[in-house]
>>> print(open('model-v4.pdb').read())   # PDB, C-alpha atoms, pLDDT in the B column
ATOM      1  CA  GLU A   1       0.000   0.000   0.000  1.00 73.00           C
ATOM      2  CA  ASP A   2       3.045   2.296   0.214  1.00 88.00           C
ATOM      3  CA  VAL A   3       3.536   2.216  -3.567  1.00 95.00           C
ATOM      4  CA  HIS A   4       2.441   5.451  -5.278  1.00 95.00           C
ATOM      5  CA  LEU A   5       0.041   5.186  -8.202  1.00 95.00           C
ATOM      6  CA  ASP A   6      -0.091   8.394 -10.238  1.00 94.00           C
ATOM      7  CA  ASP A   7      -3.488   9.548 -11.524  1.00 95.00           C
ATOM      8  CA  ASP A   8      -2.242   9.190 -15.116  1.00 96.00           C
ATOM      9  CA  ILE A   9      -1.358   5.542 -14.431  1.00 97.00           C
ATOM     10  CA  LYS A  10      -4.828   4.994 -12.950  1.00 96.00           C
ATOM     11  CA  LYS A  11      -6.377   6.439 -16.127  1.00 97.00           C
ATOM     12  CA  TYR A  12      -4.083   4.230 -18.216  1.00 97.00           C
ATOM     13  CA  ILE A  13      -5.327   1.150 -16.365  1.00 97.00           C
ATOM     14  CA  VAL A  14      -8.963   2.200 -16.802  1.00 97.00           C
ATOM     15  CA  ASN A  15      -8.385   2.868 -20.520  1.00 97.00           C
ATOM     16  CA  ILE A  16      -6.853  -0.583 -20.997  1.00 97.00           C
ATOM     17  CA  VAL A  17      -9.789  -2.281 -19.306  1.00 97.00           C
ATOM     18  CA  GLN A  18     -12.354  -0.210 -21.213  1.00 96.00           C
ATOM     19  CA  LYS A  19     -10.612  -1.016 -24.497  1.00 96.00           C
ATOM     20  CA  THR A  20     -11.055  -4.749 -23.826  1.00 95.00           C
ATOM     21  CA  ARG A  21     -14.803  -4.173 -23.736  1.00 95.00           C
ATOM     22  CA  LYS A  22     -14.754  -2.370 -27.094  1.00 94.00           C
ATOM     23  CA  ASN A  23     -12.739  -4.977 -28.998  1.00 93.00           C
ATOM     24  CA  LYS A  24     -14.683  -6.460 -31.947  1.00 93.00           C
ATOM     25  CA  ASP A  25     -13.577  -9.998 -31.042  1.00 93.00           C
ATOM     26  CA  VAL A  26     -14.684  -9.794 -27.402  1.00 94.00           C
ATOM     27  CA  GLU A  27     -18.158 -10.729 -26.157  1.00 94.00           C
ATOM     28  CA  VAL A  28     -17.424  -9.793 -22.531  1.00 95.00           C
ATOM     29  CA  GLY A  29     -14.457  -7.608 -21.642  1.00 93.00           C
ATOM     30  CA  SER A  30     -12.810  -7.059 -18.332  1.00 94.00           C
ATOM     31  CA  SER A  31     -14.833  -5.477 -15.527  1.00 93.00           C
ATOM     32  CA  PRO A  32     -13.968  -2.789 -12.979  1.00 92.00           C
ATOM     33  CA  ARG A  33     -12.695  -5.631 -10.787  1.00 94.00           C
ATOM     34  CA  GLY A  34     -10.155  -6.270 -13.523  1.00 95.00           C
ATOM     35  CA  SER A  35      -9.029  -2.653 -13.140  1.00 96.00           C
ATOM     36  CA  LEU A  36      -8.551  -3.180  -9.418  1.00 96.00           C
ATOM     37  CA  ALA A  37      -6.592  -6.382  -9.981  1.00 96.00           C
ATOM     38  CA  LEU A  38      -4.396  -4.701 -12.580  1.00 97.00           C
ATOM     39  CA  MET A  39      -3.791  -1.785 -10.226  1.00 96.00           C
ATOM     40  CA  LYS A  40      -2.795  -3.974  -7.279  1.00 96.00           C
ATOM     41  CA  LEU A  41      -0.626  -6.275  -9.385  1.00 96.00           C
ATOM     42  CA  SER A  42       1.138  -3.282 -10.965  1.00 97.00           C
ATOM     43  CA  MET A  43       1.859  -1.907  -7.509  1.00 96.00           C
ATOM     44  CA  ALA A  44       3.204  -5.289  -6.419  1.00 96.00           C
ATOM     45  CA  ASN A  45       5.362  -5.475  -9.545  1.00 96.00           C
ATOM     46  CA  ALA A  46       6.831  -2.040  -8.801  1.00 96.00           C
ATOM     47  CA  ALA A  47       7.554  -3.052  -5.202  1.00 95.00           C
ATOM     48  CA  MET A  48       9.254  -6.273  -6.322  1.00 95.00           C
ATOM     49  CA  ARG A  49      11.482  -4.168  -8.570  1.00 96.00           C
ATOM     50  CA  GLY A  50      12.447  -1.979  -5.614  1.00 95.00           C
ATOM     51  CA  ARG A  51      10.379   1.093  -6.467  1.00 95.00           C
ATOM     52  CA  ASP A  52       7.773   2.890  -4.405  1.00 95.00           C
ATOM     53  CA  TYR A  53       5.945   4.133  -7.507  1.00 96.00           C
ATOM     54  CA  VAL A  54       4.333   2.496 -10.552  1.00 96.00           C
ATOM     55  CA  VAL A  55       5.526   3.138 -14.113  1.00 96.00           C
ATOM     56  CA  PRO A  56       3.676   2.144 -17.300  1.00 96.00           C
ATOM     57  CA  ASP A  57       6.014  -0.825 -17.795  1.00 96.00           C
ATOM     58  CA  ASP A  58       4.772  -2.283 -14.489  1.00 96.00           C
ATOM     59  CA  VAL A  59       1.252  -2.205 -15.873  1.00 97.00           C
ATOM     60  CA  LYS A  60       2.227  -3.633 -19.269  1.00 97.00           C
ATOM     61  CA  PHE A  61       4.284  -6.402 -17.676  1.00 96.00           C
ATOM     62  CA  ILE A  62       1.329  -7.841 -15.762  1.00 96.00           C
ATOM     63  CA  THR A  63      -1.650  -6.990 -18.004  1.00 96.00           C
ATOM     64  CA  THR A  64      -1.854 -10.301 -19.867  1.00 96.00           C
ATOM     65  CA  GLU A  65      -1.822 -12.354 -16.683  1.00 94.00           C
ATOM     66  CA  ALA A  66      -4.219 -10.004 -14.922  1.00 95.00           C
ATOM     67  CA  LEU A  67      -6.837  -9.696 -17.655  1.00 95.00           C
ATOM     68  CA  SER A  68      -6.720 -12.486 -20.233  1.00 93.00           C
ATOM     69  CA  HIS A  69      -8.784 -14.898 -18.133  1.00 93.00           C
ATOM     70  CA  ARG A  70     -11.374 -12.160 -17.634  1.00 95.00           C
ATOM     71  CA  LEU A  71     -12.260 -11.965 -21.350  1.00 94.00           C
ATOM     72  CA  VAL A  72     -14.883 -13.986 -23.167  1.00 94.00           C
ATOM     73  CA  LEU A  73     -14.321 -14.046 -26.903  1.00 95.00           C
ATOM     74  CA  LYS A  74     -17.119 -14.056 -29.454  1.00 94.00           C
ATOM     75  CA  PRO A  75     -17.695 -17.503 -30.984  1.00 95.00           C
ATOM     76  CA  GLY A  76     -16.445 -16.568 -34.472  1.00 93.00           C
ATOM     77  CA  PRO A  77     -13.012 -15.311 -33.446  1.00 91.00           C
ATOM     78  CA  ALA A  78     -12.644 -18.099 -30.891  1.00 90.00           C
ATOM     79  CA  ILE A  79     -13.307 -20.723 -33.580  1.00 92.00           C
ATOM     80  CA  LYS A  80     -10.776 -19.007 -35.848  1.00 93.00           C
ATOM     81  CA  GLY A  81      -8.138 -19.364 -33.152  1.00 93.00           C
ATOM     82  CA  VAL A  82      -7.999 -15.842 -31.770  1.00 92.00           C
ATOM     83  CA  GLU A  83      -6.707 -15.999 -28.213  1.00 95.00           C
ATOM     84  CA  GLU A  84      -7.261 -13.679 -25.279  1.00 95.00           C
ATOM     85  CA  GLU A  85      -3.536 -12.933 -25.104  1.00 96.00           C
ATOM     86  CA  GLU A  86      -3.666 -11.558 -28.661  1.00 95.00           C
ATOM     87  CA  VAL A  87      -6.530  -9.268 -27.698  1.00 95.00           C
ATOM     88  CA  ILE A  88      -4.539  -7.983 -24.706  1.00 96.00           C
ATOM     89  CA  ALA A  89      -1.433  -7.419 -26.867  1.00 96.00           C
ATOM     90  CA  LYS A  90      -3.475  -5.400 -29.382  1.00 95.00           C
ATOM     91  CA  THR A  91      -5.103  -3.463 -26.570  1.00 96.00           C
ATOM     92  CA  LEU A  92      -1.705  -2.499 -25.152  1.00 97.00           C
ATOM     93  CA  LYS A  93      -0.605  -1.303 -28.599  1.00 97.00           C
ATOM     94  CA  ASP A  94      -3.766   0.772 -29.054  1.00 96.00           C
ATOM     95  CA  VAL A  95      -3.923   2.507 -25.663  1.00 97.00           C
ATOM     96  CA  PRO A  96      -1.612   5.529 -25.410  1.00 96.00           C
ATOM     97  CA  VAL A  97       1.046   5.211 -22.711  1.00 96.00           C
ATOM     98  CA  PRO A  98       1.114   8.137 -20.285  1.00 94.00           C
ATOM     99  CA  LYS A  99       4.271  10.218 -19.904  1.00 87.00           C
ATOM    100  CA  ILE A 100       5.301  10.054 -16.271  1.00 77.00           C
ATOM    101  CA  GLU A 101       7.908  12.473 -14.925  1.00 67.00           C
TER     102      GLU A 101
END
>>> encode(input="model-v4.pdb", output="structure tokens")
Amino acid sequence: EDVHLDDDIKKYIVNIVQKTRKNKDVEVGSSPRGSLALMKLSMANAAMRGRDYVVPDDVKFITTEALSHRLVLKPGPAIKGVEEEEVIAKTLKDVPVPKIE
């Protein structure tokens, strides 16, 4: 709980989770609980790396593990072999990374 989470990082996390819900291949995207999990895991990742603040790379590092199991793909893409991890990778490419000073 002593790890600082900048407001821009919080918005970044929310934008990532919202983007999962807007993906054309996703029936059910991540929920606000996914945002909370991503936030806490990013803070833990920062702490494990010896920092008392979160950077965007902490969020990116843990996003696949934190969110992929929270997605339900539409039947068509699932049959074609699209995987949740691919959706997360595309989401991370599409969401602008905040500049933290």
>>> resolve_selection(input="model-v4.pdb", expression="the PyMOL selection byres ((chain A and resi 4) around 7)", output="number ranges by chain")
A: 2-3, 5-6, 52-54
>>> closest_residue(input="model-v4.pdb", among="A:Gly29, A:Glu83, A:Asn23, A:Pro98", to="Lys10 in chain A", atoms="all atoms listed in the file")
A:Pro98
>>> closest_residue(input="model-v4.pdb", among="A:Met39, A:Val26, A:Ile13, A:Ile62", to="Pro77 in chain A", atoms="all atoms listed in the file")
A:Val26
>>> residues_around(input="model-v4.pdb", residues="Val59 in chain A", least_positions_apart="5", cutoff="10 Å", atoms="all atoms listed in the file", output="MDAnalysis selection string")
chainID A and resid 9:10 12:13 16 38:43 45:46 54 64 66 92
>>> write_last_selection(input="model-v4.pdb", atoms="C-alpha atoms", output="PDB file, in the coordinates of the input")
ATOM      1  CA  ILE A   9      -1.358   5.542 -14.431  1.00 97.00           C
ATOM      2  CA  LYS A  10      -4.828   4.994 -12.950  1.00 96.00           C
ATOM      3  CA  TYR A  12      -4.083   4.230 -18.216  1.00 97.00           C
ATOM      4  CA  ILE A  13      -5.327   1.150 -16.365  1.00 97.00           C
ATOM      5  CA  ILE A  16      -6.853  -0.583 -20.997  1.00 97.00           C
ATOM      6  CA  LEU A  38      -4.396  -4.701 -12.580  1.00 97.00           C
ATOM      7  CA  MET A  39      -3.791  -1.785 -10.226  1.00 96.00           C
ATOM      8  CA  LYS A  40      -2.795  -3.974  -7.279  1.00 96.00           C
ATOM      9  CA  LEU A  41      -0.626  -6.275  -9.385  1.00 96.00           C
ATOM     10  CA  SER A  42       1.138  -3.282 -10.965  1.00 97.00           C
ATOM     11  CA  MET A  43       1.859  -1.907  -7.509  1.00 96.00           C
ATOM     12  CA  ASN A  45       5.362  -5.475  -9.545  1.00 96.00           C
ATOM     13  CA  ALA A  46       6.831  -2.040  -8.801  1.00 96.00           C
ATOM     14  CA  VAL A  54       4.333   2.496 -10.552  1.00 96.00           C
ATOM     15  CA  THR A  64      -1.854 -10.301 -19.867  1.00 96.00           C
ATOM     16  CA  ALA A  66      -4.219 -10.004 -14.922  1.00 95.00           C
ATOM     17  CA  LEU A  92      -1.705  -2.499 -25.152  1.00 97.00           C
TER      18      LEU A  92
END
>>> axis_aligned_box(input="model-v4.pdb", around="range 26-42 of chain A", padding_each_side="6 Å", output="JSON")
{"center_x": -8.5, "center_y": -6.3, "center_z": -17.3, "size_x": 31.3, "size_y": 20.9, "size_z": 32.1}
>>> resolve_selection(input="model-v4.pdb", expression="the PyMOL selection byres ((chain A and resi 87) around 9)", output="list in words")
Thr20, Asn23, Asp25, Val26, Ser68, Leu71, Val82, Glu83, Glu84, Glu85, Glu86, Ile88, Ala89, Lys90, Thr91 and Leu92 of chain A
>>> atom_distance(input="model-v4.pdb", atom1="CA of Val17 in chain A", atom2="CA of Val97 in chain A")
13.6 Å
>>> atom_distance(input="model-v4.pdb", atom1="CA of Val55 in chain A", atom2="CA of Asp8 in chain A")
9.9 Å
>>> atom_distance(input="model-v4.pdb", atom1="CA of Asp58 in chain A", atom2="CA of Gly34 in chain A")
15.5 Å
>>> closest_residue(input="model-v4.pdb", among="A:Lys99, A:Arg51, A:Lys24, A:Arg33", to="Gly76 in chain A", atoms="only C-alpha atoms")
A:Lys24
>>> closest_residue(input="model-v4.pdb", among="A:Val14, A:Ile100, A:Lys60, A:Pro75", to="Leu36 in chain A", atoms="all atoms listed in the file")
A:Val14
>>> closest_residue(input="model-v4.pdb", among="A:Lys11, A:Lys93, A:Arg49, A:His69", to="Ser30 in chain A", atoms="only C-alpha atoms")
A:His69
>>> decode(input="model-v4.pdb", residues="range 87-100 of chain A", atoms="N, CA and C atoms", output="PDB file, in the first residue's frame")
ATOM      1  N   VAL A  87      -5.669 -10.422 -27.931  1.00  0.00           N
ATOM      2  CA  VAL A  87      -6.530  -9.268 -27.698  1.00  0.00           C
ATOM      3  C   VAL A  87      -5.845  -8.303 -26.733  1.00  0.00           C
ATOM      4  N   ILE A  88      -5.238  -8.831 -25.680  1.00  0.00           N
ATOM      5  CA  ILE A  88      -4.539  -7.983 -24.706  1.00  0.00           C
ATOM      6  C   ILE A  88      -3.348  -7.288 -25.370  1.00  0.00           C
ATOM      7  N   ALA A  89      -2.587  -8.015 -26.185  1.00  0.00           N
ATOM      8  CA  ALA A  89      -1.433  -7.419 -26.867  1.00  0.00           C
ATOM      9  C   ALA A  89      -1.871  -6.273 -27.767  1.00  0.00           C
ATOM     10  N   LYS A  90      -2.957  -6.461 -28.518  1.00  0.00           N
ATOM     11  CA  LYS A  90      -3.475  -5.400 -29.382  1.00  0.00           C
ATOM     12  C   LYS A  90      -3.967  -4.224 -28.547  1.00  0.00           C
ATOM     13  N   THR A  91      -4.612  -4.516 -27.454  1.00  0.00           N
ATOM     14  CA  THR A  91      -5.103  -3.463 -26.570  1.00  0.00           C
ATOM     15  C   THR A  91      -3.939  -2.605 -26.077  1.00  0.00           C
ATOM     16  N   LEU A  92      -2.864  -3.243 -25.653  1.00  0.00           N
ATOM     17  CA  LEU A  92      -1.705  -2.499 -25.152  1.00  0.00           C
ATOM     18  C   LEU A  92      -1.075  -1.641 -26.248  1.00  0.00           C
ATOM     19  N   LYS A  93      -1.133  -2.106 -27.492  1.00  0.00           N
ATOM     20  CA  LYS A  93      -0.605  -1.303 -28.599  1.00  0.00           C
ATOM     21  C   LYS A  93      -1.490  -0.102 -28.888  1.00  0.00           C
ATOM     22  N   ASP A  94      -2.801  -0.268 -28.694  1.00  0.00           N
ATOM     23  CA  ASP A  94      -3.766   0.772 -29.054  1.00  0.00           C
ATOM     24  C   ASP A  94      -3.945   1.860 -27.993  1.00  0.00           C
ATOM     25  N   VAL A  95      -3.704   1.533 -26.739  1.00  0.00           N
ATOM     26  CA  VAL A  95      -3.923   2.507 -25.663  1.00  0.00           C
ATOM     27  C   VAL A  95      -2.658   3.343 -25.473  1.00  0.00           C
ATOM     28  N   PRO A  96      -2.786   4.669 -25.587  1.00  0.00           N
ATOM     29  CA  PRO A  96      -1.612   5.529 -25.410  1.00  0.00           C
ATOM     30  C   PRO A  96      -1.004   5.393 -24.005  1.00  0.00           C
ATOM     31  N   VAL A  97       0.314   5.338 -23.983  1.00  0.00           N
ATOM     32  CA  VAL A  97       1.046   5.211 -22.711  1.00  0.00           C
ATOM     33  C   VAL A  97       1.260   6.612 -22.149  1.00  0.00           C
ATOM     34  N   PRO A  98       0.928   6.810 -20.871  1.00  0.00           N
ATOM     35  CA  PRO A  98       1.114   8.137 -20.285  1.00  0.00           C
ATOM     36  C   PRO A  98       2.592   8.463 -20.087  1.00  0.00           C
ATOM     37  N   LYS A  99       2.908   9.733 -20.187  1.00  0.00           N
ATOM     38  CA  LYS A  99       4.271  10.218 -19.904  1.00  0.00           C
ATOM     39  C   LYS A  99       4.331  10.563 -18.428  1.00  0.00           C
ATOM     40  N   ILE A 100       5.167   9.858 -17.713  1.00  0.00           N
ATOM     41  CA  ILE A 100       5.301  10.054 -16.271  1.00  0.00           C
ATOM     42  C   ILE A 100       6.655  10.701 -16.004  1.00  0.00           C
TER      43      ILE A 100
END
